[in-house]
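A.B. asks: Have a peek at input23.csv (CSV, N, CA and C atoms).
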```
chain,number,residue,atom,x,y,z
A,1,MET,N,-3.0,14.8,-2.7
A,1,MET,CA,-1.7,14.2,-2.8
A,1,MET,C,-0.7,15.4,-2.7
A,2,SER,N,0.1,15.3,-1.7
A,2,SER,CA,1.1,16.4,-1.5
A,2,SER,C,2.5,15.9,-2.0
A,3,THR,N,3.1,16.6,-2.8
A,3,THR,CA,4.5,16.2,-3.3
A,3,THR,C,5.5,16.2,-2.2
A,4,LYS,N,5.4,17.2,-1.3
A,4,LYS,CA,6.3,17.2,-0.2
A,4,LYS,C,6.1,16.1,0.8
A,5,HIS,N,4.8,15.7,1.0
A,5,HIS,CA,4.5,14.6,1.9
A,5,HIS,C,5.0,13.3,1.3
A,6,ILE,N,4.8,13.1,0.0
A,6,ILE,CA,5.3,11.9,-0.7
A,6,ILE,C,6.9,11.8,-0.6
A,7,GLN,N,7.5,13.0,-0.8
A,7,GLN,CA,9.0,13.0,-0.7
A,7,GLN,C,9.4,12.5,0.7
A,8,LYS,N,8.7,12.9,1.7
A,8,LYS,CA,9.0,12.5,3.1
A,8,LYS,C,8.9,11.0,3.3
A,9,LEU,N,7.9,10.4,2.5
A,9,LEU,CA,7.6,9.0,2.6
A,9,LEU,C,8.6,8.1,1.9
A,10,ILE,N,9.3,8.6,0.9
A,10,ILE,CA,10.2,7.8,0.1
A,10,ILE,C,11.2,6.9,0.8
A,11,PRO,N,12.0,7.5,1.8
A,11,PRO,CA,12.9,6.6,2.5
A,11,PRO,C,12.2,5.4,3.2
A,12,THR,N,11.0,5.6,3.8
A,12,THR,CA,10.3,4.5,4.4
A,12,THR,C,9.7,3.6,3.3
A,13,ALA,N,9.3,4.2,2.2
A,13,ALA,CA,8.8,3.4,1.0
A,13,ALA,C,9.9,2.5,0.5
A,14,ILE,N,11.1,3.0,0.4
A,14,ILE,CA,12.2,2.1,0.0
A,14,ILE,C,12.4,0.9,0.9
A,15,GLU,N,12.3,1.2,2.2
A,15,GLU,CA,12.3,0.1,3.2
A,15,GLU,C,11.2,-0.8,3.0
A,16,ALA,N,10.0,-0.3,2.8
A,16,ALA,CA,8.8,-1.1,2.5
A,16,ALA,C,8.9,-1.9,1.2
A,17,ALA,N,9.5,-1.3,0.2
A,17,ALA,CA,9.6,-2.0,-1.1
A,17,ALA,C,10.6,-3.2,-0.9
A,18,SER,N,11.5,-3.1,0.0
A,18,SER,CA,12.4,-4.3,0.2
A,18,SER,C,11.7,-5.5,0.6
A,19,ILE,N,10.4,-5.4,1.1
A,19,ILE,CA,9.6,-6.5,1.4
A,19,ILE,C,9.3,-7.3,0.1
A,20,LEU,N,9.3,-6.6,-1.0
A,20,LEU,CA,8.9,-7.2,-2.3
A,20,LEU,C,10.1,-7.8,-3.0
A,21,LYS,N,11.3,-7.6,-2.4
A,21,LYS,CA,12.5,-8.1,-3.1
A,21,LYS,C,12.6,-9.7,-3.1
A,22,GLU,N,13.2,-10.1,-4.2
A,22,GLU,CA,13.5,-11.5,-4.3
A,22,GLU,C,14.8,-11.8,-3.7
A,23,LYS,N,15.2,-13.0,-3.6
A,23,LYS,CA,16.5,-13.4,-2.9
A,23,LYS,C,17.7,-12.7,-3.6
A,24,ASP,N,17.6,-12.5,-4.9
A,24,ASP,CA,18.8,-11.9,-5.6
A,24,ASP,C,18.8,-10.3,-5.5
A,25,GLY,N,17.8,-9.8,-4.7
A,25,GLY,CA,17.8,-8.3,-4.5
A,25,GLY,C,17.0,-7.6,-5.6
A,26,THR,N,16.4,-8.3,-6.5
A,26,THR,CA,15.6,-7.6,-7.5
A,26,THR,C,14.1,-7.6,-7.1
A,27,ILE,N,13.3,-6.8,-7.8
A,27,ILE,CA,11.9,-6.8,-7.6
A,27,ILE,C,11.2,-7.1,-8.9
A,28,SER,N,10.3,-8.0,-8.9
A,28,SER,CA,9.5,-8.4,-10.1
A,28,SER,C,8.7,-7.3,-10.6
A,29,SER,N,8.6,-7.1,-11.9
A,29,SER,CA,7.8,-6.0,-12.4
A,29,SER,C,6.3,-6.2,-12.1
A,30,GLU,N,6.0,-7.5,-11.7
A,30,GLU,CA,4.6,-7.8,-11.3
A,30,GLU,C,4.2,-6.9,-10.2
A,31,PHE,N,5.1,-6.5,-9.3
A,31,PHE,CA,4.7,-5.6,-8.2
A,31,PHE,C,4.4,-4.2,-8.6
A,32,ASN,N,5.1,-3.8,-9.7
A,32,ASN,CA,4.8,-2.5,-10.2
A,32,ASN,C,3.4,-2.5,-10.8
A,33,GLY,N,3.0,-3.6,-11.4
A,33,GLY,CA,1.6,-3.7,-11.8
A,33,GLY,C,0.6,-3.8,-10.7
A,34,TYR,N,1.0,-4.5,-9.6
A,34,TYR,CA,0.1,-4.6,-8.5
A,34,TYR,C,-0.1,-3.2,-7.8
A,35,ILE,N,0.9,-2.5,-7.6
A,35,ILE,CA,0.8,-1.2,-6.9
A,35,ILE,C,0.0,-0.2,-7.8
A,36,SER,N,0.2,-0.3,-9.1
A,36,SER,CA,-0.6,0.6,-10.0
A,36,SER,C,-2.0,0.2,-10.0
A,37,SER,N,-2.3,-1.1,-10.1
A,37,SER,CA,-3.6,-1.6,-10.1
A,37,SER,C,-4.3,-1.3,-8.7
A,38,PHE,N,-3.6,-1.3,-7.6
A,38,PHE,CA,-4.2,-1.0,-6.3
A,38,PHE,C,-4.7,0.4,-6.3
A,39,GLY,N,-3.9,1.4,-6.8
A,39,GLY,CA,-4.3,2.8,-6.8
A,39,GLY,C,-5.5,3.0,-7.7
A,40,ALA,N,-5.6,2.3,-8.9
A,40,ALA,CA,-6.7,2.4,-9.7
A,40,ALA,C,-7.9,1.8,-9.1
A,41,SER,N,-7.7,0.7,-8.4
A,41,SER,CA,-8.8,0.0,-7.7
A,41,SER,C,-9.5,0.9,-6.7
A,42,VAL,N,-8.6,1.6,-5.9
A,42,VAL,CA,-9.2,2.4,-4.8
A,42,VAL,C,-10.0,3.5,-5.5
A,43,ILE,N,-9.6,4.1,-6.6
A,43,ILE,CA,-10.4,5.1,-7.3
A,43,ILE,C,-11.7,4.6,-7.9
A,44,SER,N,-11.6,3.4,-8.5
A,44,SER,CA,-12.8,2.9,-9.2
A,44,SER,C,-13.7,2.1,-8.3
A,45,ALA,N,-13.2,1.2,-7.5
A,45,ALA,CA,-14.0,0.4,-6.7
A,45,ALA,C,-14.2,0.9,-5.2
A,46,GLY,N,-13.3,1.7,-4.8
A,46,GLY,CA,-13.4,2.2,-3.4
A,46,GLY,C,-12.4,1.5,-2.5
A,47,LEU,N,-12.2,2.1,-1.3
A,47,LEU,CA,-11.1,1.7,-0.4
A,47,LEU,C,-11.4,0.3,0.1
A,48,LEU,N,-12.5,0.1,0.7
A,48,LEU,CA,-12.8,-1.2,1.4
A,48,LEU,C,-12.7,-2.4,0.4
A,49,PRO,N,-13.4,-2.3,-0.8
A,49,PRO,CA,-13.2,-3.5,-1.7
A,49,PRO,C,-11.8,-3.7,-2.1
A,50,SER,N,-11.1,-2.6,-2.3
A,50,SER,CA,-9.7,-2.8,-2.8
A,50,SER,C,-8.8,-3.4,-1.7
A,51,ILE,N,-9.0,-3.0,-0.4
A,51,ILE,CA,-8.2,-3.5,0.7
A,51,ILE,C,-8.6,-5.0,0.9
A,52,ILE,N,-9.8,-5.3,0.8
A,52,ILE,CA,-10.3,-6.7,0.9
A,52,ILE,C,-9.7,-7.6,-0.2
A,53,PHE,N,-9.8,-7.1,-1.4
A,53,PHE,CA,-9.2,-7.9,-2.5
A,53,PHE,C,-7.7,-8.2,-2.4
A,54,TYR,N,-7.0,-7.1,-2.1
A,54,TYR,CA,-5.5,-7.3,-2.0
A,54,TYR,C,-5.1,-8.0,-0.7
A,55,SER,N,-6.0,-8.1,0.3
A,55,SER,CA,-5.6,-8.8,1.5
A,55,SER,C,-5.9,-10.3,1.4
A,56,GLN,N,-6.8,-10.7,0.5
A,56,GLN,CA,-7.2,-12.1,0.4
A,56,GLN,C,-6.1,-13.0,-0.2
A,57,LYS,N,-6.1,-14.2,0.3
A,57,LYS,CA,-5.2,-15.2,-0.4
A,57,LYS,C,-6.0,-15.7,-1.6
A,58,GLY,N,-5.4,-15.5,-2.7
A,58,GLY,CA,-6.1,-16.0,-3.9
A,58,GLY,C,-5.1,-16.7,-4.8
A,59,ASP,N,-5.3,-16.4,-6.1
A,59,ASP,CA,-4.3,-17.0,-7.1
A,59,ASP,C,-2.9,-16.5,-6.8
A,60,SER,N,-2.8,-15.3,-6.3
A,60,SER,CA,-1.5,-14.8,-6.1
A,60,SER,C,-1.4,-14.3,-4.6
A,61,THR,N,-0.6,-15.0,-3.8
A,61,THR,CA,-0.4,-14.5,-2.5
A,61,THR,C,0.6,-13.3,-2.5
A,62,GLU,N,1.2,-13.1,-3.7
A,62,GLU,CA,2.2,-12.0,-3.8
A,62,GLU,C,1.5,-10.6,-3.6
A,63,ARG,N,0.3,-10.5,-4.1
A,63,ARG,CA,-0.4,-9.2,-4.0
A,63,ARG,C,-0.6,-8.8,-2.6
A,64,GLN,N,-0.7,-9.7,-1.6
A,64,GLN,CA,-0.8,-9.4,-0.2
A,64,GLN,C,0.4,-8.6,0.3
A,65,LYS,N,1.5,-8.8,-0.4
A,65,LYS,CA,2.7,-8.0,0.0
A,65,LYS,C,2.6,-6.5,-0.2
A,66,ILE,N,1.7,-6.1,-1.1
A,66,ILE,CA,1.4,-4.7,-1.4
A,66,ILE,C,0.8,-4.1,-0.1
A,67,ILE,N,-0.1,-4.8,0.5
A,67,ILE,CA,-0.8,-4.3,1.7
A,67,ILE,C,0.2,-4.2,2.8
A,68,THR,N,1.1,-5.2,2.9
A,68,THR,CA,2.2,-5.2,4.0
A,68,THR,C,3.1,-4.0,3.7
A,69,ALA,N,3.4,-3.7,2.5
A,69,ALA,CA,4.3,-2.6,2.2
A,69,ALA,C,3.6,-1.2,2.6
A,70,ILE,N,2.3,-1.1,2.2
A,70,ILE,CA,1.6,0.1,2.5
A,70,ILE,C,1.5,0.3,4.1
A,71,GLU,N,1.2,-0.8,4.8
A,71,GLU,CA,1.2,-0.8,6.2
A,71,GLU,C,2.5,-0.3,6.8
A,72,THR,N,3.6,-0.8,6.2
A,72,THR,CA,4.9,-0.4,6.7
A,72,THR,C,5.1,1.1,6.6
A,73,VAL,N,4.7,1.7,5.6
A,73,VAL,CA,4.8,3.2,5.4
A,73,VAL,C,3.9,3.9,6.4
A,74,LEU,N,2.6,3.4,6.5
A,74,LEU,CA,1.7,4.1,7.4
A,74,LEU,C,2.1,3.9,8.8
A,75,LYS,N,2.6,2.8,9.2
A,75,LYS,CA,3.1,2.6,10.6
A,75,LYS,C,4.2,3.6,11.0
A,76,LYS,N,5.0,3.9,10.1
A,76,LYS,CA,6.2,4.8,10.4
A,76,LYS,C,5.7,6.3,10.4
A,77,HIS,N,4.7,6.6,9.7
A,77,HIS,CA,4.4,8.0,9.5
A,77,HIS,C,3.0,8.5,10.1
A,78,ASP,N,2.0,7.6,10.2
A,78,ASP,CA,0.7,8.1,10.5
A,78,ASP,C,-0.1,7.2,11.5
A,79,TYR,N,0.1,5.9,11.4
A,79,TYR,CA,-0.7,5.0,12.1
A,79,TYR,C,0.2,3.9,12.7
A,80,PRO,N,0.7,4.1,13.9
A,80,PRO,CA,1.8,3.2,14.4
A,80,PRO,C,1.4,1.7,14.6
A,81,ASN,N,0.1,1.5,14.8
A,81,ASN,CA,-0.3,0.1,15.1
A,81,ASN,C,-1.3,-0.4,14.0
A,82,ILE,N,-1.3,0.1,12.8
A,82,ILE,CA,-2.4,-0.2,11.9
A,82,ILE,C,-2.3,-1.6,11.3
A,83,ASN,N,-3.5,-2.2,11.3
A,83,ASN,CA,-3.8,-3.4,10.5
A,83,ASN,C,-4.8,-2.9,9.5
A,84,LEU,N,-4.4,-2.7,8.3
A,84,LEU,CA,-5.2,-1.9,7.3
A,84,LEU,C,-6.6,-2.5,7.1
A,85,LEU,N,-6.7,-3.8,7.0
A,85,LEU,CA,-8.0,-4.4,6.8
A,85,LEU,C,-8.9,-4.2,8.0
A,86,LYS,N,-8.4,-4.4,9.2
A,86,LYS,CA,-9.3,-4.1,10.4
A,86,LYS,C,-9.7,-2.7,10.5
A,87,LYS,N,-8.7,-1.8,10.2
A,87,LYS,CA,-9.0,-0.3,10.3
A,87,LYS,C,-10.0,0.1,9.3
A,88,VAL,N,-9.9,-0.3,8.1
A,88,VAL,CA,-10.9,0.1,7.1
A,88,VAL,C,-12.2,-0.5,7.4
A,89,GLU,N,-12.3,-1.8,7.8
A,89,GLU,CA,-13.6,-2.4,8.1
A,89,GLU,C,-14.2,-1.6,9.3
A,90,GLU,N,-13.5,-1.3,10.3
A,90,GLU,CA,-14.0,-0.5,11.4
A,90,GLU,C,-14.5,0.8,11.0
A,91,LEU,N,-13.8,1.5,10.2
A,91,LEU,CA,-14.3,2.9,9.7
A,91,LEU,C,-15.6,2.8,8.9
A,92,PHE,N,-15.7,1.8,8.1
A,92,PHE,CA,-16.9,1.7,7.2
A,92,PHE,C,-18.1,1.2,8.0
A,93,LYS,N,-17.9,0.6,9.2
A,93,LYS,CA,-19.0,0.2,10.0
A,93,LYS,C,-19.7,1.5,10.8
A,94,SER,N,-18.9,2.5,10.9
A,94,SER,CA,-19.4,3.7,11.5
A,94,SER,C,-19.8,4.7,10.5
A,95,GLU,N,-21.0,5.2,10.7
A,95,GLU,CA,-21.6,6.2,9.7
A,95,GLU,C,-21.0,7.5,9.8
A,96,ASP,N,-20.4,7.9,10.9
A,96,ASP,CA,-19.9,9.3,11.1
A,96,ASP,C,-18.4,9.4,10.9
A,97,LYS,N,-17.8,8.5,10.2
A,97,LYS,CA,-16.4,8.4,10.0
A,97,LYS,C,-15.9,8.8,8.6
A,98,GLN,N,-16.7,9.5,7.8
A,98,GLN,CA,-16.4,9.8,6.5
A,98,GLN,C,-15.1,10.6,6.4
A,99,SER,N,-14.9,11.6,7.3
A,99,SER,CA,-13.7,12.4,7.2
A,99,SER,C,-12.5,11.6,7.5
A,100,GLU,N,-12.6,10.7,8.4
A,100,GLU,CA,-11.5,9.8,8.7
A,100,GLU,C,-11.2,8.9,7.6
A,101,ILE,N,-12.2,8.4,6.9
A,101,ILE,CA,-12.0,7.5,5.8
A,101,ILE,C,-11.3,8.3,4.7
A,102,ASN,N,-11.7,9.5,4.4
A,102,ASN,CA,-11.1,10.3,3.4
A,102,ASN,C,-9.6,10.6,3.8
A,103,ARG,N,-9.3,10.9,5.0
A,103,ARG,CA,-8.0,11.1,5.5
A,103,ARG,C,-7.1,9.8,5.3
A,104,LEU,N,-7.6,8.7,5.7
A,104,LEU,CA,-6.9,7.4,5.5
A,104,LEU,C,-6.7,7.1,4.0
A,105,THR,N,-7.7,7.4,3.2
A,105,THR,CA,-7.6,7.1,1.8
A,105,THR,C,-6.5,8.0,1.2
A,106,ASP,N,-6.4,9.3,1.6
A,106,ASP,CA,-5.3,10.1,1.1
A,106,ASP,C,-3.9,9.6,1.6
A,107,LYS,N,-3.8,9.2,2.8
A,107,LYS,CA,-2.6,8.7,3.3
A,107,LYS,C,-2.2,7.4,2.6
A,108,ILE,N,-3.1,6.5,2.3
A,108,ILE,CA,-2.8,5.3,1.5
A,108,ILE,C,-2.4,5.6,0.1
A,109,SER,N,-3.1,6.6,-0.5
A,109,SER,CA,-2.7,7.0,-1.9
A,109,SER,C,-1.3,7.6,-1.9
A,110,ASP,N,-0.9,8.4,-0.9
A,110,ASP,CA,0.4,8.9,-0.8
A,110,ASP,C,1.5,7.8,-0.6
A,111,ALA,N,1.1,6.8,0.2
A,111,ALA,CA,2.0,5.7,0.5
A,111,ALA,C,2.2,4.9,-0.8
A,112,THR,N,1.1,4.7,-1.5
A,112,THR,CA,1.1,3.9,-2.7
A,112,THR,C,2.0,4.6,-3.8
A,113,VAL,N,1.9,5.9,-3.9
A,113,VAL,CA,2.7,6.6,-4.9
A,113,VAL,C,4.2,6.5,-4.5
A,114,ALA,N,4.5,6.7,-3.2
A,114,ALA,CA,5.9,6.6,-2.7
A,114,ALA,C,6.4,5.2,-2.9
A,115,ILE,N,5.7,4.2,-2.7
A,115,ILE,CA,6.1,2.8,-2.9
A,115,ILE,C,6.4,2.6,-4.4
A,116,LYS,N,5.5,3.1,-5.3
A,116,LYS,CA,5.7,2.9,-6.7
A,116,LYS,C,7.0,3.6,-7.1
A,117,LEU,N,7.3,4.7,-6.6
A,117,LEU,CA,8.6,5.4,-6.9
A,117,LEU,C,9.7,4.6,-6.3
A,118,ALA,N,9.6,4.1,-5.1
A,118,ALA,CA,10.6,3.3,-4.5
A,118,ALA,C,11.0,2.0,-5.2
A,119,ILE,N,10.0,1.4,-5.8
A,119,ILE,CA,10.2,0.1,-6.5
A,119,ILE,C,11.2,0.4,-7.7
A,120,ARG,N,11.1,1.6,-8.2
A,120,ARG,CA,11.9,1.9,-9.4
A,120,ARG,C,13.4,2.0,-9.0
A,121,THR,N,13.7,2.1,-7.7
A,121,THR,CA,15.1,2.2,-7.3
A,121,THR,C,15.8,0.8,-7.3
A,122,PHE,N,15.0,-0.2,-7.4
A,122,PHE,CA,15.5,-1.6,-7.3
A,122,PHE,C,15.7,-2.2,-8.7
A,123,PRO,N,16.7,-3.0,-8.9
A,123,PRO,CA,16.8,-3.7,-10.2
A,123,PRO,C,15.6,-4.6,-10.5
A,124,LYS,N,15.2,-4.7,-11.7
A,124,LYS,CA,14.1,-5.6,-12.1
A,124,LYS,C,14.6,-7.0,-12.2
A,125,SER,N,13.7,-8.0,-11.9
A,125,SER,CA,14.0,-9.4,-12.1
A,125,SER,C,14.4,-9.7,-13.5
A,126,LYS,N,15.3,-10.6,-13.7
A,126,LYS,CA,15.7,-11.0,-15.1
A,126,LYS,C,14.6,-11.8,-15.8
A,127,LYS,N,13.8,-12.4,-15.0
A,127,LYS,CA,12.7,-13.2,-15.6
A,127,LYS,C,11.6,-12.4,-16.2
A,128,ASP,N,11.6,-11.0,-15.9
A,128,ASP,CA,10.5,-10.2,-16.4
A,128,ASP,C,10.7,-9.7,-17.8
```
Would you mind writing the file out in structure tokens?

C.D. replies:
Amino acid sequence: MSTKHIQKLIPTAIEAASILKEKDGTISSEFNGYISSFGASVISAGLLPSIIFYSQKGDSTERQKIITAIETVLKKHDYPNINLLKKVEELFKSEDKQSEINRLTDKISDATVAIKLAIRTFPKSKKD
């Protein structure tokens, strides 16, 4: 994780965090929890299971917005046409792609940190 790289991502992360805004311009603290949990999930469960879990429609369709926000950052800086779920599945099907998986994991981690910081620039929902 490079501090300089994350600083470069913050303007795009603010744009990506706006995906999480409610109609009144606030962001629910729920998303702060989702973005923190996503990072922890990548570390503990791995990249593929985390991406699959956050991409699925489940009890909360809101958590899918985290993947959309991460893709927004990645599209602007590293992967112009990325569909995160497809890219990760493709990489894990190839045995010789570990270095690319590690690179993508690092980029996702940086994007996640930048989004977490960007979320803090928005007012919190009153319902939180």

A.B. asks: Go through A:Val113, A:Ile101, A:Ile19, A:Ile67 one by one, measure the shortest atom-to-atom distance of each to A:Leu84 using only N, CA and C atoms, and give the residue with the smallest value.

C.D. replies: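 Smallest separation from A:Leu84 among the options: A:Ile67.
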
A.B. asks: For a test of reading the model, state the distance in Å between atom C of A:Glu15 and atom CA of A:His77, rounded to one decimal.

C.D. replies: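 About the pair atom C of A:Glu15 and atom CA of A:His77: they are 12.9 Å apart.
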
A.B. asks: Using DSSP secondary structure from the backbone, list all alpha helix (DSSP H) positions within chain A, as a ChimeraX atom specification.

C.D. replies: /A:3-17,29-44,47-55,64-77,84-93,98-119

A.B. asks: Please measure the separation of atom CA of A:Gly39 and atom N of A:Ser94, giving the value in Å to one decimal.

C.D. replies: 22.9 Å

A.B. asks: Distance atom C of A:Asp106-atom N of A:Glu22, one decimal place?

C.D. replies: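 Between atom C of A:Asp106 and atom N of A:Glu22 the gap is 26.7 Å.
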
A.B. asks: Please identify all polymer residues within 7 Å of A:Ile119, counting all atoms listed in the file, omitting same-chain residues fewer than 3 positions from it, and present them as a PDB file with N, CA and C atoms, in the frame of the given file.

C.D. replies:
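This is the output file part23.pdb:
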```
ATOM      1  N   ALA A  13       9.300   4.200   2.200  1.00  0.00           N
ATOM      2  CA  ALA A  13       8.800   3.400   1.000  1.00  0.00           C
ATOM      3  C   ALA A  13       9.900   2.500   0.500  1.00  0.00           C
ATOM      4  N   ILE A  14      11.100   3.000   0.400  1.00  0.00           N
ATOM      5  CA  ILE A  14      12.200   2.100   0.000  1.00  0.00           C
ATOM      6  C   ILE A  14      12.400   0.900   0.900  1.00  0.00           C
ATOM      7  N   ALA A  17       9.500  -1.300   0.200  1.00  0.00           N
ATOM      8  CA  ALA A  17       9.600  -2.000  -1.100  1.00  0.00           C
ATOM      9  C   ALA A  17      10.600  -3.200  -0.900  1.00  0.00           C
ATOM     10  N   ALA A 114       4.500   6.700  -3.200  1.00  0.00           N
ATOM     11  CA  ALA A 114       5.900   6.600  -2.700  1.00  0.00           C
ATOM     12  C   ALA A 114       6.400   5.200  -2.900  1.00  0.00           C
ATOM     13  N   ILE A 115       5.700   4.200  -2.700  1.00  0.00           N
ATOM     14  CA  ILE A 115       6.100   2.800  -2.900  1.00  0.00           C
ATOM     15  C   ILE A 115       6.400   2.600  -4.400  1.00  0.00           C
ATOM     16  N   LYS A 116       5.500   3.100  -5.300  1.00  0.00           N
ATOM     17  CA  LYS A 116       5.700   2.900  -6.700  1.00  0.00           C
ATOM     18  C   LYS A 116       7.000   3.600  -7.100  1.00  0.00           C
ATOM     19  N   PHE A 122      15.000  -0.200  -7.400  1.00  0.00           N
ATOM     20  CA  PHE A 122      15.500  -1.600  -7.300  1.00  0.00           C
ATOM     21  C   PHE A 122      15.700  -2.200  -8.700  1.00  0.00           C
ATOM     22  N   PRO A 123      16.700  -3.000  -8.900  1.00  0.00           N
ATOM     23  CA  PRO A 123      16.800  -3.700 -10.200  1.00  0.00           C
ATOM     24  C   PRO A 123      15.600  -4.600 -10.500  1.00  0.00           C
TER      25      PRO A 123
END
```

A.B. asks: What lies within 6.5 Å of A:Ile6 using all atoms listed in the file, ignoring chain neighbours under 3 positions off, as a list in words?

C.D. replies: Ser2, Thr3, Leu9, Ile10, Asp110 and Ala114 of chain A

A.B. asks: Closest to A:Glu71 among A:Ala118, A:His5, A:Leu48, A:Ala16, using all atoms listed in the file?

C.D. replies: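 Of A:Ala118, A:His5, A:Leu48, A:Ala16, the one nearest A:Glu71, counting all atoms listed in the file, is A:Ala16.
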
A.B. asks: Pick the closest to A:Leu74 from A:Val88, A:Leu47, A:Ile108, A:Ile52: which is it, counting only N, CA and C atoms?

C.D. replies: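 Nearest to A:Leu74: A:Ile108.
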
A.B. asks: Give as a CSV table (one decimal) with N, CA and C atoms, in the coordinates of the input each residue that has an atom at most 6.5 Å from (0.1, 1.8, -6.9) in the file, counting only N, CA and C atoms.

C.D. replies:
```
chain,number,residue,atom,x,y,z
A,34,TYR,N,1.0,-4.5,-9.6
A,34,TYR,CA,0.1,-4.6,-8.5
A,34,TYR,C,-0.1,-3.2,-7.8
A,35,ILE,N,0.9,-2.5,-7.6
A,35,ILE,CA,0.8,-1.2,-6.9
A,35,ILE,C,0.0,-0.2,-7.8
A,36,SER,N,0.2,-0.3,-9.1
A,36,SER,CA,-0.6,0.6,-10.0
A,36,SER,C,-2.0,0.2,-10.0
A,37,SER,N,-2.3,-1.1,-10.1
A,37,SER,CA,-3.6,-1.6,-10.1
A,37,SER,C,-4.3,-1.3,-8.7
A,38,PHE,N,-3.6,-1.3,-7.6
A,38,PHE,CA,-4.2,-1.0,-6.3
A,38,PHE,C,-4.7,0.4,-6.3
A,39,GLY,N,-3.9,1.4,-6.8
A,39,GLY,CA,-4.3,2.8,-6.8
A,39,GLY,C,-5.5,3.0,-7.7
A,40,ALA,N,-5.6,2.3,-8.9
A,40,ALA,CA,-6.7,2.4,-9.7
A,40,ALA,C,-7.9,1.8,-9.1
A,112,THR,N,1.1,4.7,-1.5
A,112,THR,CA,1.1,3.9,-2.7
A,112,THR,C,2.0,4.6,-3.8
A,113,VAL,N,1.9,5.9,-3.9
A,113,VAL,CA,2.7,6.6,-4.9
A,113,VAL,C,4.2,6.5,-4.5
A,116,LYS,N,5.5,3.1,-5.3
A,116,LYS,CA,5.7,2.9,-6.7
A,116,LYS,C,7.0,3.6,-7.1
```
